[in-house]
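Peer 1: For reference, the file coords_20.txt (compact mmCIF, C-alpha atoms) is included below:
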# COMPACT_ATOMS: atom_id res chain seq x y z
CA MET A 3 -8.51 42.48 -2.00
CA ARG A 4 -11.31 42.98 0.47
CA PRO A 5 -10.86 41.53 3.97
CA ALA A 6 -13.14 38.71 5.07
CA VAL A 7 -15.94 39.61 7.45
CA LEU A 8 -17.56 37.10 9.81
CA PRO A 9 -20.94 37.60 11.51
CA SER A 10 -21.84 37.01 15.15
CA VAL A 11 -23.24 33.56 14.40
CA ILE A 12 -21.61 31.13 11.96
CA GLY A 13 -23.14 27.83 10.89
CA HIS A 14 -21.09 24.93 12.30
CA ARG A 15 -20.43 22.23 9.68
CA GLY A 16 -23.20 23.91 7.73
CA ALA A 17 -26.28 23.73 9.92
CA LYS A 18 -25.72 20.32 11.48
CA SER A 19 -28.80 20.39 13.68
CA ILE A 20 -31.08 20.29 10.63
CA ALA A 21 -29.05 18.38 8.01
CA PRO A 22 -26.12 15.93 8.02
CA GLU A 23 -22.92 17.76 8.91
CA ASN A 24 -20.36 18.76 6.28
CA THR A 25 -22.61 17.85 3.36
CA LEU A 26 -23.93 20.10 0.62
CA ALA A 27 -27.39 19.58 2.10
CA SER A 28 -26.14 21.10 5.34
CA ILE A 29 -24.63 24.06 3.50
CA ARG A 30 -27.88 24.70 1.64
CA SER A 31 -29.84 24.37 4.87
CA ALA A 32 -27.60 26.94 6.54
CA LYS A 33 -28.29 29.37 3.73
CA ALA A 34 -32.02 28.64 3.92
CA VAL A 35 -32.17 29.61 7.61
CA GLY A 36 -30.28 32.86 7.11
CA CYS A 37 -26.57 32.11 7.54
CA SER A 38 -24.10 34.30 5.70
CA TRP A 39 -21.07 32.23 6.76
CA VAL A 40 -20.51 28.53 7.40
CA GLU A 41 -17.68 26.44 8.80
CA VAL A 42 -16.60 23.06 7.40
CA ASP A 43 -13.65 20.66 7.75
CA VAL A 44 -11.29 19.46 5.03
CA MET A 45 -9.18 16.28 4.89
CA LEU A 46 -7.28 14.31 2.23
CA THR A 47 -8.20 10.98 0.69
CA LYS A 48 -5.66 8.25 -0.03
CA ASP A 49 -5.12 9.69 -3.51
CA LYS A 50 -4.71 13.23 -2.13
CA VAL A 51 -8.09 14.71 -3.03
CA PRO A 52 -9.40 17.25 -0.47
CA VAL A 53 -12.86 16.31 0.78
CA ILE A 54 -15.20 17.68 3.45
CA HIS A 55 -15.33 15.56 6.61
CA HIS A 56 -14.69 16.11 10.31
CA ASP A 57 -13.59 12.89 11.97
CA ASN A 58 -10.46 10.99 11.03
CA LYS A 59 -12.64 7.89 10.99
CA LEU A 60 -15.64 7.38 8.74
CA ASP A 61 -17.73 5.37 11.20
CA ARG A 62 -19.80 8.09 12.90
CA CYS A 63 -21.16 9.92 9.87
CA THR A 64 -21.11 7.37 7.04
CA ASN A 65 -21.58 3.68 6.34
CA GLY A 66 -17.81 3.36 5.94
CA LYS A 67 -15.27 2.10 8.45
CA GLY A 68 -11.77 3.19 9.43
CA ASN A 69 -9.65 6.23 8.59
CA LEU A 70 -10.77 8.41 5.70
CA TRP A 71 -7.23 8.68 4.35
CA ASP A 72 -7.13 4.92 3.72
CA TYR A 73 -9.75 5.28 0.94
CA THR A 74 -9.53 6.79 -2.53
CA CYS A 75 -11.79 9.65 -3.50
CA GLU A 76 -13.80 7.33 -5.74
CA GLU A 77 -14.39 5.02 -2.77
CA ILE A 78 -15.27 7.93 -0.49
CA GLU A 79 -17.82 9.24 -2.97
CA GLN A 80 -19.72 5.94 -2.84
CA LEU A 81 -20.42 6.24 0.88
CA ASP A 82 -23.76 7.29 2.37
CA ALA A 83 -23.14 10.36 4.51
CA GLY A 84 -26.80 11.16 5.20
CA SER A 85 -28.67 8.13 6.54
CA HIS A 86 -27.03 8.38 9.97
CA PHE A 87 -28.87 11.69 10.36
CA SER A 88 -32.23 10.83 8.80
CA PRO A 89 -33.66 8.59 6.04
CA GLU A 90 -34.60 11.84 4.32
CA PHE A 91 -30.92 12.39 3.56
CA ALA A 92 -30.08 8.85 2.42
CA ASN A 93 -27.23 8.76 -0.09
CA GLU A 94 -26.05 12.27 0.64
CA ARG A 95 -22.35 12.18 -0.24
CA ILE A 96 -19.10 13.46 1.23
CA PRO A 97 -18.33 16.39 -1.09
CA ARG A 98 -15.01 17.30 -2.61
CA LEU A 99 -13.60 20.66 -1.57
CA THR A 100 -14.11 21.95 -5.12
CA ALA A 101 -17.83 21.11 -4.98
CA LEU A 102 -18.11 22.78 -1.59
CA LEU A 103 -16.39 25.93 -2.84
CA ARG A 104 -18.69 26.05 -5.85
CA CYS A 105 -21.76 25.59 -3.66
CA CYS A 106 -20.73 28.40 -1.29
CA ARG A 107 -20.01 30.72 -4.19
CA ASP A 108 -23.36 29.95 -5.84
CA LEU A 109 -25.13 30.67 -2.54
CA SER A 110 -23.02 33.75 -1.72
CA LEU A 111 -21.89 32.13 1.52
CA GLY A 112 -18.63 32.97 3.23
CA LEU A 113 -16.54 29.97 4.25
CA ASN A 114 -14.49 29.23 7.35
CA LEU A 115 -12.40 26.26 6.18
CA GLU A 116 -10.88 24.21 8.97
CA VAL A 117 -7.79 22.34 7.81
CA LYS A 118 -7.85 19.19 9.89
CA HIS A 119 -5.25 17.76 12.22
CA VAL A 120 -4.54 14.02 12.00
CA THR A 121 -3.55 13.51 15.64
CA GLU A 122 -6.05 11.66 17.81
CA HIS A 123 -6.63 14.71 20.00
CA SER A 124 -6.39 18.29 18.81
CA ALA A 125 -3.82 19.32 21.44
CA ASP A 126 -1.51 16.34 20.81
CA ILE A 127 1.97 17.10 19.50
CA PRO A 128 2.15 15.41 16.09
CA THR A 129 4.70 12.75 15.33
CA ALA A 130 7.03 13.34 12.38
CA ILE A 131 4.69 11.35 10.12
CA GLU A 132 1.61 13.18 11.42
CA GLN A 133 3.29 16.54 10.91
CA GLN A 134 4.11 15.59 7.34
CA MET A 135 0.45 14.60 6.77
CA GLU A 136 -0.85 17.86 8.23
CA GLU A 137 1.54 19.92 6.11
CA GLU A 138 0.47 17.94 3.05
CA ILE A 139 -3.22 18.63 3.72
CA ALA A 140 -2.49 22.35 4.02
CA ASN A 141 -0.43 22.42 0.82
CA VAL A 142 -3.08 20.59 -1.22
CA VAL A 143 -5.78 22.90 0.16
CA CYS A 144 -3.70 25.93 -0.83
CA ASP A 145 -3.29 24.51 -4.33
CA THR A 146 -7.07 24.06 -4.61
CA ILE A 147 -7.84 27.56 -3.32
CA GLU A 148 -5.43 29.05 -5.84
CA GLN A 149 -6.81 26.95 -8.72
CA PHE A 150 -10.37 27.89 -7.80
CA GLN A 151 -9.37 31.57 -7.65
CA VAL A 152 -11.00 32.14 -4.27
CA ASP A 153 -11.01 35.75 -3.11
CA PRO A 154 -9.84 36.51 0.46
CA SER A 155 -13.24 38.08 1.12
CA GLU A 156 -14.87 34.68 0.55
CA LEU A 157 -12.85 32.51 2.90
CA VAL A 158 -10.84 32.29 6.10
CA PHE A 159 -8.81 29.33 7.30
CA SER A 160 -8.65 27.81 10.76
CA SER A 161 -6.75 24.88 12.22
CA PHE A 162 -5.71 23.17 15.43
CA SER A 163 -2.58 22.02 13.59
CA ARG A 164 0.38 24.30 14.12
CA PRO A 165 2.27 22.77 11.16
CA ALA A 166 -0.78 23.37 8.95
CA ILE A 167 -1.07 26.99 10.07
CA ALA A 168 2.60 27.58 9.25
CA VAL A 169 1.98 26.32 5.71
CA LEU A 170 -1.25 28.30 5.26
CA ARG A 171 0.33 31.55 6.40
CA ARG A 172 3.40 31.03 4.21
CA ARG A 173 1.47 30.01 1.10
CA LEU A 174 -1.60 32.27 1.30
CA PRO A 175 -0.84 35.17 3.66
CA GLN A 176 -3.60 37.29 2.10
CA PHE A 177 -6.24 35.01 3.69
CA GLY A 178 -7.21 35.29 7.33
CA CYS A 179 -6.28 32.28 9.45
CA ALA A 180 -7.54 31.46 12.93
CA PHE A 181 -5.64 29.53 15.60
CA LEU A 182 -8.04 26.87 16.85
CA VAL A 183 -7.72 25.56 20.41
CA GLU A 184 -9.76 23.81 23.06
CA THR A 185 -8.18 25.15 26.27
CA ILE A 186 -6.30 28.36 25.50
CA PRO A 187 -2.56 27.52 25.78
CA ASP A 188 -0.01 29.64 27.59
CA ASP A 189 1.86 30.44 24.37
CA TRP A 190 -1.19 31.50 22.36
CA GLU A 191 -0.05 35.11 22.01
CA ASP A 192 3.46 34.25 20.84
CA PHE A 193 2.19 31.70 18.33
CA MET A 194 -0.41 34.05 16.88
CA ALA A 195 2.11 36.88 16.61
CA LEU A 196 4.65 34.61 14.90
CA HIS A 197 2.17 33.51 12.23
CA LYS A 198 0.05 36.69 12.12
CA CYS A 199 -3.13 34.78 12.89
CA ALA A 200 -6.35 36.74 12.45
CA SER A 201 -8.23 35.35 15.46
CA LEU A 202 -8.18 32.93 18.37
CA ASN A 203 -11.03 30.42 18.17
CA PHE A 204 -11.59 28.43 21.38
CA TRP A 205 -13.95 25.91 23.00
CA TRP A 206 -16.16 27.86 25.38
CA LYS A 207 -16.47 25.03 27.91
CA GLY A 208 -12.71 24.77 28.37
CA ASN A 209 -11.93 28.33 29.45
CA ALA A 210 -12.86 30.60 32.35
CA ARG A 211 -14.40 34.02 31.71
CA GLN A 212 -11.33 35.82 33.11
CA ARG A 213 -9.11 33.98 30.63
CA ILE A 214 -11.50 34.76 27.78
CA GLU A 215 -11.60 38.46 28.66
CA GLU A 216 -7.80 38.55 28.81
CA CYS A 217 -7.68 37.25 25.24
CA THR A 218 -10.51 39.37 23.84
CA SER A 219 -8.76 42.48 25.13
CA LYS A 220 -5.83 41.69 22.81
CA VAL A 221 -7.11 39.87 19.72
CA LEU A 222 -10.29 38.93 17.87
CA CYS A 223 -11.85 35.82 19.42
CA TYR A 224 -14.54 33.40 18.31
CA SER A 225 -15.97 30.46 20.22
CA TYR A 226 -17.43 27.03 19.44
CA THR A 227 -19.78 25.14 19.65
CA VAL A 228 -22.51 27.40 21.06
CA ASN A 229 -26.07 26.10 20.84
CA GLU A 230 -27.71 28.04 23.68
CA ALA A 231 -28.52 31.73 23.40
CA TYR A 232 -27.59 32.49 27.02
CA VAL A 233 -24.08 31.10 26.41
CA ALA A 234 -23.74 33.20 23.27
CA GLN A 235 -24.85 36.29 25.23
CA GLU A 236 -22.26 35.64 27.92
CA LEU A 237 -19.50 35.18 25.37
CA LEU A 238 -20.45 38.30 23.44
CA SER A 239 -20.55 40.29 26.66
CA ALA A 240 -17.01 39.05 27.37
CA GLY A 241 -15.85 40.53 24.07
CA VAL A 242 -16.04 37.46 21.85
CA GLN A 243 -16.71 38.52 18.26
CA GLY A 244 -18.85 35.59 17.18
CA VAL A 245 -19.86 31.99 17.82
CA PHE A 246 -20.07 28.81 15.77
CA SER A 247 -23.40 27.05 16.21
CA ASP A 248 -25.07 23.80 15.12
CA CYS A 249 -28.40 25.64 15.21
CA PRO A 250 -27.44 29.14 14.00
CA HIS A 251 -31.01 30.15 13.20
CA ILE A 252 -32.17 29.52 16.78
CA VAL A 253 -29.21 31.22 18.43
CA SER A 254 -29.37 34.17 16.04
CA GLN A 255 -33.06 34.77 16.59
CA ALA A 256 -32.71 34.51 20.36
CA LEU A 257 -29.82 37.00 20.33
CA LEU A 258 -31.82 39.37 18.19
CA SER A 259 -34.75 39.21 20.60
CA ALA A 260 -32.45 39.84 23.56
CA HIS A 261 -30.85 42.74 21.69
CA LYS A 262 -34.23 44.39 21.11
CA GLU A 263 -35.16 44.03 24.78
CA ARG A 264 -32.00 45.67 26.12
CA SER A 265 -31.52 49.38 26.51
CA SER A 266 -27.86 49.10 25.44
CA PRO A 267 -26.55 46.99 22.54
CA ILE A 268 -25.25 43.54 23.43
CA PHE A 269 -23.27 43.42 20.18
CA ALA A 270 -20.63 45.98 21.08
CA PRO A 271 -17.91 45.11 20.30
CA ALA A 272 -19.25 41.96 18.64
CA LEU A 273 -20.28 41.60 15.02
CA PRO A 274 -23.90 42.01 13.89
CA LEU A 275 -26.26 39.24 13.00
CA HIS A 276 -26.80 38.52 9.33
CA LEU A 277 -30.36 37.28 9.01
CA PRO A 278 -32.87 38.15 6.29
CA SER A 279 -34.50 41.57 6.68
CA LEU A 280 -32.37 42.61 9.66
CA PRO A 281 -31.20 46.22 9.38
CA LEU A 282 -27.82 45.59 10.98
CA HIS A 283 -24.84 46.46 8.81
CA LEU A 284 -21.83 47.08 11.05
CA THR A 285 -18.88 44.81 10.27
CA VAL A 286 -15.45 44.08 11.68
CA ALA A 287 -12.73 42.80 9.37
CA ILE A 288 -10.24 40.07 10.20
Re-express the file's structure as structure tokens.

Peer 2:
Amino acid sequence: MRPAVLPSVIGHRGAKSIAPENTLASIRSAKAVGCSWVEVDVMLTKDKVPVIHHDNKLDRCTNGKGNLWDYTCEEIEQLDAGSHFSPEFANERIPRLTALLRCCRDLSLGLNLEVKHVTEHSADIPTAIEQQMEEEIANVVCDTIEQFQVDPSELVFSSFSRPAIAVLRRRLPQFGCAFLVETIPDDWEDFMALHKCASLNFWWKGNARQRIEECTSKVLCYSYTVNEAYVAQELLSAGVQGVFSDCPHIVSQALLSAHKERSSPIFAPALPLHLPSLPLHLTVAI
């Protein structure tokens, strides 16, 4: 098994600045602008089918209302997940995980699959029922990954949910798994060591540079959601390995331009960009 390799810039929910997030159109758009890896979110429908969607509620990104898990997959697949973004994407659908996996494989795209939490806020401690739901999502996702015969070089997991991470690491230890956080918690190191997490993925606005450098000196770190090149440069200079971006093509090109202008590489120890025709081939495995 080959280890998964992530680039310096990963498409966030596909390329959500140019197509509706977490749709196949967004995945194809990410590929079209040069992404080699994308990140998406997975949840369960009422009848336990894993589908690609970020929010617990359907209201923001579809013409549906209420919690996604209150609808069957058949009902979910009738929703319009594109018109909120642009009339051009009217009737774009929420894809099943299997369709998403097939699309990524056909496009030779690596996948960072975020297994969603069901708590209202990512840092909330789940109730017993919420914990059971998060464990169920992780178990169904593992079943799907096994059935689809995904190779560990094609996919890494991430999650804010500690119960979900415990399931993912127990069921599929050969796959990398990132511990997702907003503000880096005091017990991050103990939790990552316990579950052998591959990286710490944090919200850049919620953490001071000193805290970030403390973490990057010990483990691989990635940061979200970075849409400005100067922020990406600062994070890379602090030792962050890569960033998740809504506009990966813009951030990547700006970083490349800055790299060419500097006398010393800005990508050490970060990963290289993966854009068409760029002669950068160094990789770091997680």

Peer 1: So, counting only C-alpha atoms, which residue among A:Leu81, A:Ala92, A:His123, A:Leu99 is closest to Asn58 (chain A)?

Peer 2: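 The shortest atom-to-atom distance to Asn58 (chain A) comes from A:His123.
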
Peer 1: Quote the spacing between CA of Cys179 (chain A) and CA of Gly84 (chain A) in Å to one decimal place.

Peer 2: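 Value for the CA of Cys179 (chain A)-CA of Gly84 (chain A) distance: 29.8 Å.
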
Peer 1: Could you tell me how far CA of Met135 (chain A) sits from CA of Asn69 (chain A), in Å to one decimal place?

Peer 2: 13.2 Å

Peer 1: Here is a test: counting all atoms listed in the file, which residue of A:Val11, A:Leu113, A:Ala200, A:Leu222 is nearest to Asp43 (chain A)?

Peer 2: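 Looking only at the distances to Asp43 (chain A), the closest residue turns out to be A:Leu113.
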
Peer 1: Here is a test: counting all atoms listed in the file, which residue of A:Asn141, A:Thr121, A:Ser38, A:Ser201 is nearest to Arg172 (chain A)?

Peer 2: A:Asn141

Peer 1: Place a sphere of radius 10 Å on (-12.6, 22.9, 21.6) in the file coordinates and name every protein, DNA or RNA residue with an atom inside or on its surface, counting all atoms listed in the file; give the answer as a ChimeraX atom specification.

Peer 2: /A:124-125,162,182-186,203-209,225-227

Peer 1: With C-alpha atoms kept, could you save the residues just selected as a compact mmCIF listing (two decimals), in the coordinates of the input?

Peer 2:
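again.txt written:
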# COMPACT_ATOMS: atom_id res chain seq x y z
CA SER A 124 -6.39 18.29 18.81
CA ALA A 125 -3.82 19.32 21.44
CA PHE A 162 -5.71 23.17 15.43
CA LEU A 182 -8.04 26.87 16.85
CA VAL A 183 -7.72 25.56 20.41
CA GLU A 184 -9.76 23.81 23.06
CA THR A 185 -8.18 25.15 26.27
CA ILE A 186 -6.30 28.36 25.50
CA ASN A 203 -11.03 30.42 18.17
CA PHE A 204 -11.59 28.43 21.38
CA TRP A 205 -13.95 25.91 23.00
CA TRP A 206 -16.16 27.86 25.38
CA LYS A 207 -16.47 25.03 27.91
CA GLY A 208 -12.71 24.77 28.37
CA ASN A 209 -11.93 28.33 29.45
CA SER A 225 -15.97 30.46 20.22
CA TYR A 226 -17.43 27.03 19.44
CA THR A 227 -19.78 25.14 19.65

Peer 1: What does the distance from CA of Leu109 (chain A) to CA of Ser10 (chain A) come to in Å, to one decimal?

Peer 2: 19.1 Å
